[in-house]
file run_32.cif (mmCIF, C-alpha atoms and all ligand atoms)
data_final
loop_
_atom_site.label_atom_id
_atom_site.label_comp_id
_atom_site.auth_asym_id
_atom_site.auth_seq_id
_atom_site.Cartn_x
_atom_site.Cartn_y
_atom_site.Cartn_z
CA MET A 1 142.84 84.25 101.21
CA SER A 2 143.09 83.72 97.43
CA SER A 3 140.10 84.75 95.36
CA SER A 4 139.44 81.11 94.45
CA THR A 5 138.70 80.23 98.09
CA ALA A 6 137.28 83.53 99.35
CA SER A 7 133.69 83.32 100.59
CA PRO A 8 131.13 85.32 98.66
CA LEU A 9 130.29 88.78 99.93
CA TYR A 10 126.91 88.82 101.71
CA LEU A 11 124.81 91.97 101.53
CA THR A 12 121.56 92.40 103.43
CA ASP A 13 118.71 94.61 102.28
CA GLU A 14 119.99 97.30 104.67
CA ASP A 15 123.44 97.16 103.02
CA VAL A 16 121.89 97.26 99.55
CA LYS A 17 119.72 100.26 100.42
CA LYS A 18 122.77 102.26 101.50
CA LEU A 19 124.46 101.56 98.15
CA LEU A 20 121.56 102.45 95.84
CA GLN A 21 120.74 105.91 94.50
CA TRP A 22 118.23 106.87 91.82
CA ASP A 23 120.79 109.06 90.03
CA THR A 24 123.03 106.10 89.36
CA LEU A 25 120.44 103.34 89.08
CA ILE A 26 118.01 104.92 86.60
CA PRO A 27 120.61 105.37 83.80
CA VAL A 28 121.85 101.79 84.30
CA ILE A 29 118.29 100.47 84.02
CA GLU A 30 117.64 102.69 80.99
CA ARG A 31 120.66 101.24 79.21
CA ALA A 32 119.53 97.68 80.06
CA LEU A 33 116.00 98.32 78.74
CA LYS A 34 117.43 99.79 75.53
CA THR A 35 119.95 96.98 75.04
CA VAL A 36 117.29 94.28 75.42
CA SER A 37 115.60 95.70 72.31
CA GLN A 38 118.72 95.98 70.15
CA THR A 39 118.99 93.49 67.34
CA VAL A 40 122.65 92.56 67.02
CA GLU A 41 124.32 89.38 65.83
CA THR A 42 125.81 88.44 69.20
CA PRO A 43 123.25 89.02 71.94
CA LEU A 44 124.26 91.69 74.46
CA VAL A 45 121.72 90.39 76.94
CA VAL A 46 120.84 86.79 77.71
CA GLN A 47 117.74 86.13 79.78
CA PRO A 48 115.82 82.94 79.12
CA PRO A 49 112.12 82.92 80.00
CA ARG A 50 111.84 82.83 83.78
CA THR A 51 110.26 79.85 85.45
CA ILE A 52 107.21 80.63 87.55
CA MET A 53 106.48 77.65 89.78
CA PRO A 54 103.23 77.69 91.74
CA VAL A 55 103.72 76.24 95.23
CA PRO A 56 100.93 73.69 95.71
CA ASP A 57 98.19 74.70 98.19
CA LYS A 58 100.07 77.81 99.33
CA ASN A 59 98.93 80.67 97.06
CA GLY A 60 102.54 81.41 96.35
CA VAL A 61 104.99 81.24 93.45
CA LEU A 62 108.74 80.78 93.13
CA LEU A 63 110.46 82.44 90.18
CA THR A 64 113.95 81.74 88.87
CA MET A 65 115.49 84.58 86.87
CA PRO A 66 118.96 84.06 85.39
CA GLY A 67 120.56 86.71 83.20
CA PHE A 68 123.73 88.10 81.63
CA SER A 69 124.62 91.58 80.43
CA LYS A 70 127.65 91.93 78.16
CA ASN A 71 127.83 95.74 78.50
CA ASP A 72 128.01 95.40 82.27
CA ASP A 73 130.06 92.19 82.25
CA ALA A 74 127.56 90.83 84.74
CA LEU A 75 126.08 87.40 85.35
CA ALA A 76 123.47 86.79 88.05
CA CYS A 77 120.40 84.84 88.99
CA LYS A 78 117.54 86.00 91.18
CA LEU A 79 115.34 83.60 93.08
CA VAL A 80 112.18 85.35 94.18
CA THR A 81 108.93 84.30 95.82
CA SER A 82 105.59 86.04 95.81
CA PHE A 83 103.17 85.10 98.60
CA PRO A 84 100.34 87.68 98.65
CA ASP A 85 98.76 86.23 101.81
CA ASN A 86 101.84 87.34 103.79
CA ALA A 87 100.05 90.69 104.24
CA GLN A 88 97.81 88.99 106.82
CA LYS A 89 100.95 88.04 108.76
CA GLY A 90 102.27 91.60 108.60
CA MET A 91 105.05 90.49 106.26
CA ALA A 92 106.25 91.60 102.84
CA SER A 93 104.84 89.50 100.01
CA ILE A 94 107.97 89.37 97.84
CA PHE A 95 111.25 87.84 99.02
CA GLY A 96 114.26 87.60 96.74
CA THR A 97 117.93 86.71 96.72
CA VAL A 98 120.42 87.48 93.95
CA LEU A 99 123.58 85.46 93.31
CA LEU A 100 126.18 87.50 91.41
CA PHE A 101 128.83 85.43 89.62
CA ASP A 102 132.35 86.13 88.42
CA THR A 103 131.93 86.12 84.62
CA ASN A 104 135.36 84.54 84.04
CA THR A 105 135.15 81.65 86.46
CA GLY A 106 131.48 81.25 87.34
CA LYS A 107 132.31 81.50 91.03
CA VAL A 108 129.72 83.23 93.24
CA GLN A 109 131.07 86.70 94.10
CA ALA A 110 128.18 88.01 96.12
CA ILE A 111 124.88 86.96 97.61
CA MET A 112 122.45 89.81 98.08
CA GLU A 113 119.06 89.99 99.68
CA ALA A 114 116.93 91.24 96.83
CA ASN A 115 113.83 92.82 98.36
CA GLU A 116 115.30 96.30 97.96
CA ILE A 117 116.76 95.37 94.57
CA THR A 118 113.31 94.28 93.34
CA ALA A 119 111.65 97.41 94.72
CA TRP A 120 114.23 99.81 93.26
CA ARG A 121 114.84 98.26 89.86
CA THR A 122 111.12 97.87 89.13
CA ALA A 123 110.44 101.50 90.01
CA ALA A 124 113.50 102.62 88.04
CA ALA A 125 112.16 100.81 84.95
CA SER A 126 108.78 102.55 85.37
CA ALA A 127 110.60 105.88 85.78
CA VAL A 128 112.41 105.33 82.48
CA ALA A 129 109.16 104.37 80.71
CA THR A 130 107.47 107.44 82.21
CA LYS A 131 110.32 109.69 81.04
CA TYR A 132 109.66 108.60 77.45
CA LEU A 133 105.88 108.28 77.49
CA HIS A 134 104.41 110.88 79.84
CA LYS A 135 102.89 114.09 78.49
CA GLY A 136 102.08 115.95 81.71
CA SER A 137 103.34 115.88 85.28
CA ASP A 138 100.73 117.72 87.30
CA ILE A 139 99.09 114.71 88.98
CA LEU A 140 100.56 111.34 89.96
CA ALA A 141 98.10 108.67 91.10
CA ILE A 142 99.25 105.50 92.82
CA LEU A 143 96.90 102.54 93.20
CA GLY A 144 98.28 100.29 95.93
CA SER A 145 100.21 101.17 99.07
CA GLY A 146 102.81 98.42 99.46
CA VAL A 147 106.51 98.11 98.70
CA GLN A 148 106.19 98.93 94.99
CA ALA A 149 103.85 101.85 95.64
CA ARG A 150 106.46 103.38 97.95
CA SER A 151 109.40 102.83 95.59
CA HIS A 152 107.40 104.18 92.63
CA ILE A 153 106.62 107.40 94.52
CA ASN A 154 110.32 107.74 95.27
CA ALA A 155 111.52 107.03 91.73
CA LEU A 156 108.87 109.07 89.94
CA THR A 157 109.21 112.11 92.17
CA HIS A 158 112.96 111.91 91.69
CA LEU A 159 112.35 112.21 87.96
CA LEU A 160 109.40 114.63 87.77
CA LYS A 161 108.12 117.44 89.96
CA PHE A 162 104.42 116.59 90.39
CA LYS A 163 102.06 119.24 91.77
CA GLU A 164 99.85 116.62 93.40
CA ILE A 165 100.35 112.99 94.45
CA ARG A 166 97.37 110.79 95.31
CA VAL A 167 97.24 107.29 96.71
CA TRP A 168 94.38 104.82 96.86
CA ASN A 169 94.42 101.34 98.32
CA HIS A 170 91.67 98.72 98.60
CA ASN A 171 92.26 98.78 102.30
CA GLN A 172 92.26 102.43 103.36
CA GLN A 173 94.59 101.94 106.31
CA GLY A 174 97.39 100.99 103.94
CA ALA A 175 97.01 104.24 101.99
CA GLU A 176 96.87 106.30 105.18
CA LYS A 177 99.99 104.61 106.54
CA LEU A 178 101.93 105.27 103.33
CA ALA A 179 100.81 108.91 103.20
CA ALA A 180 101.83 109.38 106.88
CA GLU A 181 105.24 107.88 106.15
CA PHE A 182 105.86 110.38 103.33
CA HIS A 183 104.40 113.21 105.42
CA GLU A 184 107.17 112.59 107.97
CA LEU A 185 109.67 113.04 105.15
CA GLY A 186 108.04 116.33 104.16
CA LYS A 187 106.19 114.99 101.10
CA CYS A 188 102.47 115.68 100.79
CA ILE A 189 100.36 112.77 99.52
CA SER A 190 96.56 112.83 99.52
CA VAL A 191 94.64 109.69 100.38
CA CYS A 192 91.69 109.00 98.09
CA TYR A 193 88.75 106.88 99.13
CA SER A 194 88.03 105.56 95.65
CA ALA A 195 90.28 104.61 92.76
CA ASP A 196 88.01 106.69 90.54
CA ASP A 197 88.79 109.85 92.57
CA ALA A 198 92.49 109.05 92.69
CA VAL A 199 92.95 108.86 88.92
CA LYS A 200 90.65 111.73 87.85
CA ASN A 201 92.72 113.98 85.51
CA ALA A 202 95.92 112.19 86.51
CA ASP A 203 98.88 112.48 84.12
CA VAL A 204 100.76 109.44 85.39
CA ILE A 205 99.21 106.40 87.09
CA VAL A 206 100.87 103.40 88.74
CA THR A 207 99.01 100.19 89.50
CA ALA A 208 100.95 98.05 92.00
CA THR A 209 98.53 95.66 93.67
CA TYR A 210 97.48 92.02 93.82
CA ALA A 211 94.03 92.91 92.45
CA SER A 212 92.50 89.98 90.61
CA SER A 213 89.85 92.15 88.93
CA PRO A 214 90.24 95.64 87.40
CA ILE A 215 91.01 98.53 89.74
CA LEU A 216 91.56 100.99 86.88
CA LYS A 217 88.88 101.75 84.28
CA ARG A 218 89.01 103.52 80.92
CA LYS A 219 86.00 105.67 81.77
CA TRP A 220 87.81 107.28 84.73
CA ILE A 221 90.95 108.51 82.97
CA LYS A 222 91.82 111.25 80.52
CA ASN A 223 93.33 110.82 77.05
CA GLY A 224 97.11 110.96 76.94
CA VAL A 225 97.62 109.57 80.44
CA HIS A 226 100.62 107.30 80.98
CA ILE A 227 100.13 104.17 83.11
CA ASN A 228 102.80 101.94 84.64
CA ALA A 229 101.04 98.60 85.18
CA VAL A 230 103.21 96.72 87.64
CA GLY A 231 101.01 94.34 89.61
CA ALA A 232 100.69 90.63 89.05
CA GLY A 233 97.51 89.39 90.71
CA ILE A 234 96.05 86.16 89.32
CA ASN A 235 98.08 87.11 86.24
CA HIS A 236 100.00 90.11 84.95
CA HIS A 237 97.00 91.73 83.32
CA SER A 238 94.29 91.75 85.97
CA GLU A 239 94.51 95.40 87.11
CA LEU A 240 93.19 97.27 84.05
CA ASP A 241 89.77 96.88 82.46
CA LYS A 242 89.16 95.57 78.96
CA GLU A 243 88.11 98.98 77.61
CA LEU A 244 91.36 100.51 78.84
CA TYR A 245 93.44 97.75 77.26
CA GLN A 246 91.56 98.21 74.01
CA ALA A 247 92.09 101.99 74.03
CA ALA A 248 95.77 102.07 74.99
CA SER A 249 99.13 101.74 73.25
CA ILE A 250 100.81 99.01 75.26
CA TYR A 251 104.55 98.54 75.61
CA THR A 252 106.37 96.04 77.78
CA ASP A 253 109.91 95.37 78.98
CA THR A 254 110.55 92.18 77.00
CA MET A 255 108.40 90.66 74.26
CA PRO A 256 109.42 87.01 74.73
CA ALA A 257 108.15 87.17 78.32
CA ALA A 258 105.04 89.11 77.27
CA GLN A 259 104.18 86.37 74.78
CA ILE A 260 103.96 84.01 77.74
CA GLU A 261 102.86 86.16 80.67
CA LEU A 262 100.46 88.47 78.80
CA LYS A 263 99.09 85.88 76.41
CA GLY A 264 95.63 86.27 77.97
CA LEU A 265 95.37 89.70 76.31
CA ALA A 266 94.78 87.92 73.01
CA ASP A 267 91.39 86.77 74.38
CA ILE A 268 90.27 90.41 74.40
CA GLU A 269 91.95 91.08 71.03
CA VAL A 270 94.64 93.26 72.51
CA SER A 271 98.26 93.24 71.31
CA VAL A 272 101.38 94.50 72.96
CA LEU A 273 102.97 96.89 70.44
CA GLY A 274 106.57 96.38 71.43
CA GLU A 275 109.26 96.96 74.02
CA ILE A 276 110.00 100.16 75.90
CA GLY A 277 113.57 99.77 74.58
CA GLU A 278 112.26 100.45 71.07
CA ILE A 279 110.74 103.72 72.27
CA ILE A 280 114.06 104.61 73.94
CA GLN A 281 115.93 103.81 70.71
CA GLY A 282 113.44 105.87 68.72
CA THR A 283 112.49 103.00 66.43
CA LYS A 284 108.86 103.20 67.62
CA HIS A 285 106.78 106.30 68.31
CA VAL A 286 103.47 106.88 70.07
CA PRO A 287 101.10 109.74 69.12
CA ARG A 288 100.87 112.23 72.03
CA GLU A 289 97.09 111.91 72.46
CA ASN A 290 97.28 108.14 73.05
CA ILE A 291 96.85 106.52 76.43
CA THR A 292 100.07 104.60 77.04
CA VAL A 293 100.67 101.57 79.25
CA PHE A 294 104.10 100.35 80.28
CA HIS A 295 103.35 96.74 81.15
CA SER A 296 106.17 95.95 83.54
CA LEU A 297 106.74 92.23 83.90
CA GLY A 298 110.15 92.44 85.55
CA MET A 299 113.28 91.16 83.80
CA ALA A 300 116.34 89.25 84.98
CA VAL A 301 118.69 91.76 83.36
CA GLU A 302 117.30 94.51 85.60
CA ASP A 303 118.42 92.49 88.62
CA VAL A 304 121.73 91.61 86.97
CA VAL A 305 122.76 95.22 86.28
CA THR A 306 121.48 96.43 89.65
CA ALA A 307 123.44 93.74 91.52
CA LYS A 308 126.59 94.59 89.54
CA LEU A 309 126.15 98.29 90.32
CA ILE A 310 125.74 97.51 94.02
CA TYR A 311 128.84 95.28 93.98
CA GLU A 312 130.92 98.01 92.31
CA GLN A 313 129.66 100.62 94.78
CA TYR A 314 130.51 98.31 97.67
CA LYS A 315 134.05 97.73 96.38
CA MET A 316 134.56 101.48 95.92
CA LYS A 317 133.56 102.18 99.51
CA ASN A 318 135.34 99.28 101.24
N1 LIG B 401 106.64 94.08 87.44
C1 LIG B 401 107.55 93.76 88.31
O1 LIG B 401 108.73 93.76 87.99
C2 LIG B 401 107.16 93.44 89.70
C3 LIG B 401 105.84 93.30 90.04
N2 LIG B 401 105.49 93.05 91.32
C4 LIG B 401 104.06 92.97 91.60
O2 LIG B 401 103.64 94.23 92.09
C5 LIG B 401 102.53 94.07 92.99
C6 LIG B 401 102.85 94.77 94.31
O3 LIG B 401 103.98 94.19 94.91
P1 LIG B 401 104.47 94.72 96.34
O4 LIG B 401 104.26 96.17 96.43
O5 LIG B 401 105.83 94.16 96.57
O6 LIG B 401 103.46 93.97 97.29
P2 LIG B 401 102.88 94.46 98.70
O7 LIG B 401 102.37 93.25 99.38
O8 LIG B 401 103.88 95.29 99.40
O9 LIG B 401 101.67 95.39 98.28
C7 LIG B 401 100.53 94.85 97.67
C8 LIG B 401 99.46 95.90 97.55
O10 LIG B 401 98.32 95.31 96.91
C9 LIG B 401 97.17 95.53 97.73
N3 LIG B 401 96.26 94.41 97.49
C10 LIG B 401 96.38 93.13 97.94
N4 LIG B 401 95.33 92.39 97.50
C11 LIG B 401 94.58 93.21 96.74
C12 LIG B 401 93.36 93.04 96.01
N5 LIG B 401 92.76 91.85 95.95
N6 LIG B 401 92.84 94.10 95.37
C13 LIG B 401 93.46 95.31 95.40
N7 LIG B 401 94.61 95.53 96.08
C14 LIG B 401 95.16 94.50 96.73
C15 LIG B 401 97.71 95.61 99.14
O11 LIG B 401 96.80 96.23 100.03
C16 LIG B 401 98.97 96.43 98.89
O12 LIG B 401 98.66 97.78 98.77
C17 LIG B 401 102.34 92.57 93.14
O13 LIG B 401 101.32 92.16 92.26
C18 LIG B 401 103.68 91.99 92.69
O14 LIG B 401 103.56 90.69 92.19
C19 LIG B 401 106.40 92.96 92.33
C20 LIG B 401 107.73 93.05 92.03
C21 LIG B 401 108.23 93.28 90.70
O1 LIG B 402 110.37 90.57 88.35
C1 LIG B 402 110.20 90.24 89.53
O2 LIG B 402 111.11 90.23 90.36
C2 LIG B 402 108.85 89.83 89.94
N1 LIG B 402 107.91 89.91 89.07
C3 LIG B 402 106.57 89.50 89.26
C4 LIG B 402 106.24 89.24 90.69
C5 LIG B 402 107.34 88.69 91.48
C6 LIG B 402 108.63 89.39 91.31
#
call {"tool": "encode", "arguments": {"input": "run_32.cif", "output": "C-alpha cells"}}
result
Amino acid sequence: MSSSTASPLYLTDEDVKKLLQWDTLIPVIERALKTVSQTVETPLVVQPPRTIMPVPDKNGVLLTMPGFSKNDDALACKLVTSFPDNAQKGMASIFGTVLLFDTNTGKVQAIMEANEITAWRTAAASAVATKYLHKGSDILAILGSGVQARSHINALTHLLKFKEIRVWNHNQQGAEKLAAEFHELGKCISVCYSADDAVKNADVIVTATYASSPILKRKWIKNGVHINAVGAGINHHSELDKELYQAASIYTDTMPAAQIELKGLADIEVSVLGEIGEIIQGTKHVPRENITVFHSLGMAVEDVVTAKLIYEQYKMKN
C-alpha cells in the first residue's frame, strides 16, 4: 500500500507503555521545555492556547491541544478529557488521544491512546524542573495517590535517590493501595495520615489531586523545599495556600498559558516569575534558600515530542 493510502498506525496505552523509558523521555522533555523559552525570530515551537471546554452539567472538561516542534519535526494534537467524578465509577479521570501528523503532507501517521503519554510526559516535566530547582533529596512527599502520583514517584525516583518517600491522600485507601503497589515492586513508601505529617521536612513535594481548597500549607514546610504543583481542581491553583504562594518563587511551563490559567493568582498579588525553560537556559536564577514551585499546566509540545519519540521507537522495533 502506498503511504498516501496507508491507514494510520494505532497504538494503545499498553503499546505506548512498552515504548517509553525515562532515560529517553526526560531529555526530550527537557529540550522541549528549554526551546519553548527561547526567543528566536522563527518560532521553534508553535502551541496556541489550548481550549478548555466545560461539558454542561457533567463536571467534566474537554481540552484541545495542538502543537508543533521544529527541532523534532513533529506535529500533533491531543484531545483530552478530565472527569474527576470517574473515581466513583472506578475509572481513570483523564482520557486522551493524540493524533500525530506527517509534517510534509498533514496526513495522520499515528493515533495513540494518550493516558500513558499524559502520565509520563507530565512527570518527566516535573523531573526536569526538580533537577534544576531541588536543593535536597532526602525526603519526597506525594500528595495524591492517582495516576500522576504514581508516575511522579517513578520519574522522580529515576532521577534522584530519596532516603524516604511518603504519600498522603484525602482518602486513605488510595494511599495504602499505591504504597502496596510499590511495595510489590520492592520500593518502600510510607503512608501518612495527614498532609502535614507527609510534608514535614520534605525536600521535594508533589501535589497531584483534584483538591478544590489547599492541601499544602506554608506553615508545614521548610525553607528551600521544591514543589511540583500538578493538580487542576476547580482551577490550576487550588492546591497550595495563599501564604505559600506569597512566599514562593513560582515558575511555570509556558507563560502565555499561565496568563490565562493562573490569572486568579493576581487576586492574591502573586506573580509567576517565568518559565522553567529560562531556568534551564540559565537566564533566570533562584536563590537556594527560596521555596520554589514548578506550576505545571501541561503543554501541547510535551505531547507532540513524546508522540514523535514513541513513533520513532515503534518504527525502530517493527
Ligand atoms: N499539569 C498537567 O500537565 C496535568 C495535570 N493533571 C491534573 O493532575 C491531577 C491528578 O490527575 P490524575 O492523577 O490523572 O487523577 P486521578 O483521578 O488518577 O487522581 C486524583 C487524585 O486526587 C484525589 N482527589 C480527588 N478529589 C480530591 C479532593 N477534593 N481533595 C483532595 N484530593 C482529591 C484522588 O483521591 C486521587 O488521589 C488532576 O487535577 C489533573 O487535572 C493531569 C494531567 C496533566
Ligand atoms: O496537559 C494536560 O494534558 C492536562 N492538563 C490539565 C488537566 C487535563 C490534562
call {"tool": "closest_residue", "arguments": {"input": "run_32.cif", "among": "A:Arg121, A:Lys308, A:Lys219, A:Lys187", "to": "ligand LIG 402 (chain B)", "atoms": "all atoms listed in the file"}}
result
A:Arg121
call {"tool": "closest_residue", "arguments": {"input": "run_32.cif", "among": "A:Tyr132, A:Tyr193, A:Tyr311, A:Phe83", "to": "ligand LIG 402 (chain B)", "atoms": "all atoms listed in the file"}}
result
A:Phe83
call {"tool": "residues_around", "arguments": {"input": "run_32.cif", "residues": "Arg31 of chain A", "least_positions_apart": "5", "cutoff": "10 Å", "atoms": "only C-alpha atoms", "output": "list in words"}}
result
Ile26, Val36, Asn71, Asp72, Val128, Gly277, Ile280, Glu302 and Val305 of chain A
call {"tool": "write_last_selection", "arguments": {"input": "run_32.cif", "atoms": "C-alpha atoms", "output": "compact mmCIF listing (two decimals), in the coordinates of the input"}}
result
# COMPACT_ATOMS: atom_id res chain seq x y z
CA ILE A 26 118.01 104.92 86.60
CA VAL A 36 117.29 94.28 75.42
CA ASN A 71 127.83 95.74 78.50
CA ASP A 72 128.01 95.40 82.27
CA VAL A 128 112.41 105.33 82.48
CA GLY A 277 113.57 99.77 74.58
CA ILE A 280 114.06 104.61 73.94
CA GLU A 302 117.30 94.51 85.60
CA VAL A 305 122.76 95.22 86.28
call {"tool": "residues_near_ligand", "arguments": {"input": "run_32.cif", "ligand": "ligand LIG 402 (chain B)", "cutoff": "6 Å", "atoms": "only C-alpha atoms and all ligand atoms", "output": "PyMOL selection string"}}
result
chain A and resi 82+118+232+297-299
call {"tool": "residues_near_ligand", "arguments": {"input": "run_32.cif", "ligand": "ligand LIG 401 (chain B)", "cutoff": "6 Å", "atoms": "only C-alpha atoms and all ligand atoms", "output": "MDAnalysis selection string"}}
result
chainID A and resid 84 87 92:94 118 122 144:149 169:171 208:212 230:233 296:298
call {"tool": "closest_residue", "arguments": {"input": "run_32.cif", "among": "A:Gln109, A:Asn318, A:Thr306, A:Asn235", "to": "Glu30 of chain A", "atoms": "all atoms listed in the file"}}
result
A:Thr306
call {"tool": "closest_residue", "arguments": {"input": "run_32.cif", "among": "A:Ala114, A:Lys135, A:Glu261, A:Ala124", "to": "Ser151 of chain A", "atoms": "all atoms listed in the file"}}
result
A:Ala124
call {"tool": "decode", "arguments": {"input": "run_32.cif", "residues": "segment 223-236 of chain A", "atoms": "N, CA and C atoms", "output": "mmCIF file, in the first residue's frame"}}
result
data_model
loop_
_atom_site.group_PDB
_atom_site.id
_atom_site.type_symbol
_atom_site.label_atom_id
_atom_site.label_comp_id
_atom_site.auth_asym_id
_atom_site.auth_seq_id
_atom_site.Cartn_x
_atom_site.Cartn_y
_atom_site.Cartn_z
ATOM 1 N N ASN A 223 12.012 25.939 54.549
ATOM 2 C CA ASN A 223 12.564 26.820 53.504
ATOM 3 C C ASN A 223 13.378 25.976 52.527
ATOM 4 N N GLY A 224 13.382 26.398 51.287
ATOM 5 C CA GLY A 224 14.225 25.725 50.291
ATOM 6 C C GLY A 224 13.576 24.525 49.634
ATOM 7 N N VAL A 225 12.393 24.142 50.105
ATOM 8 C CA VAL A 225 11.718 22.974 49.516
ATOM 9 C C VAL A 225 11.325 23.282 48.056
ATOM 10 N N HIS A 226 11.355 22.243 47.232
ATOM 11 C CA HIS A 226 10.857 22.404 45.860
ATOM 12 C C HIS A 226 9.529 21.658 45.714
ATOM 13 N N ILE A 227 8.547 22.350 45.122
ATOM 14 C CA ILE A 227 7.199 21.781 44.963
ATOM 15 C C ILE A 227 6.843 21.698 43.477
ATOM 16 N N ASN A 228 6.373 20.548 43.056
ATOM 17 C CA ASN A 228 5.784 20.417 41.716
ATOM 18 C C ASN A 228 4.262 20.433 41.901
ATOM 19 N N ALA A 229 3.628 21.518 41.504
ATOM 20 C CA ALA A 229 2.171 21.657 41.665
ATOM 21 C C ALA A 229 1.517 21.267 40.347
ATOM 22 N N VAL A 230 0.872 20.119 40.358
ATOM 23 C CA VAL A 230 0.413 19.499 39.107
ATOM 24 C C VAL A 230 -1.107 19.535 38.968
ATOM 25 N N GLY A 231 -1.796 19.463 40.081
ATOM 26 C CA GLY A 231 -3.249 19.267 40.046
ATOM 27 C C GLY A 231 -4.026 20.474 39.521
ATOM 28 N N ALA A 232 -5.173 20.138 38.928
ATOM 29 C CA ALA A 232 -6.080 21.178 38.463
ATOM 30 C C ALA A 232 -7.462 20.831 39.009
ATOM 31 N N GLY A 233 -7.771 21.371 40.176
ATOM 32 C CA GLY A 233 -9.081 21.112 40.775
ATOM 33 C C GLY A 233 -10.113 22.035 40.156
ATOM 34 N N ILE A 234 -10.674 22.973 40.943
ATOM 35 C CA ILE A 234 -11.600 23.934 40.330
ATOM 36 C C ILE A 234 -10.838 24.848 39.382
ATOM 37 N N ASN A 235 -9.522 24.992 39.657
ATOM 38 C CA ASN A 235 -8.638 25.704 38.734
ATOM 39 C C ASN A 235 -7.242 25.139 38.956
ATOM 40 N N HIS A 236 -6.250 25.762 38.307
ATOM 41 C CA HIS A 236 -4.899 25.200 38.396
ATOM 42 C C HIS A 236 -4.141 25.682 39.629
#
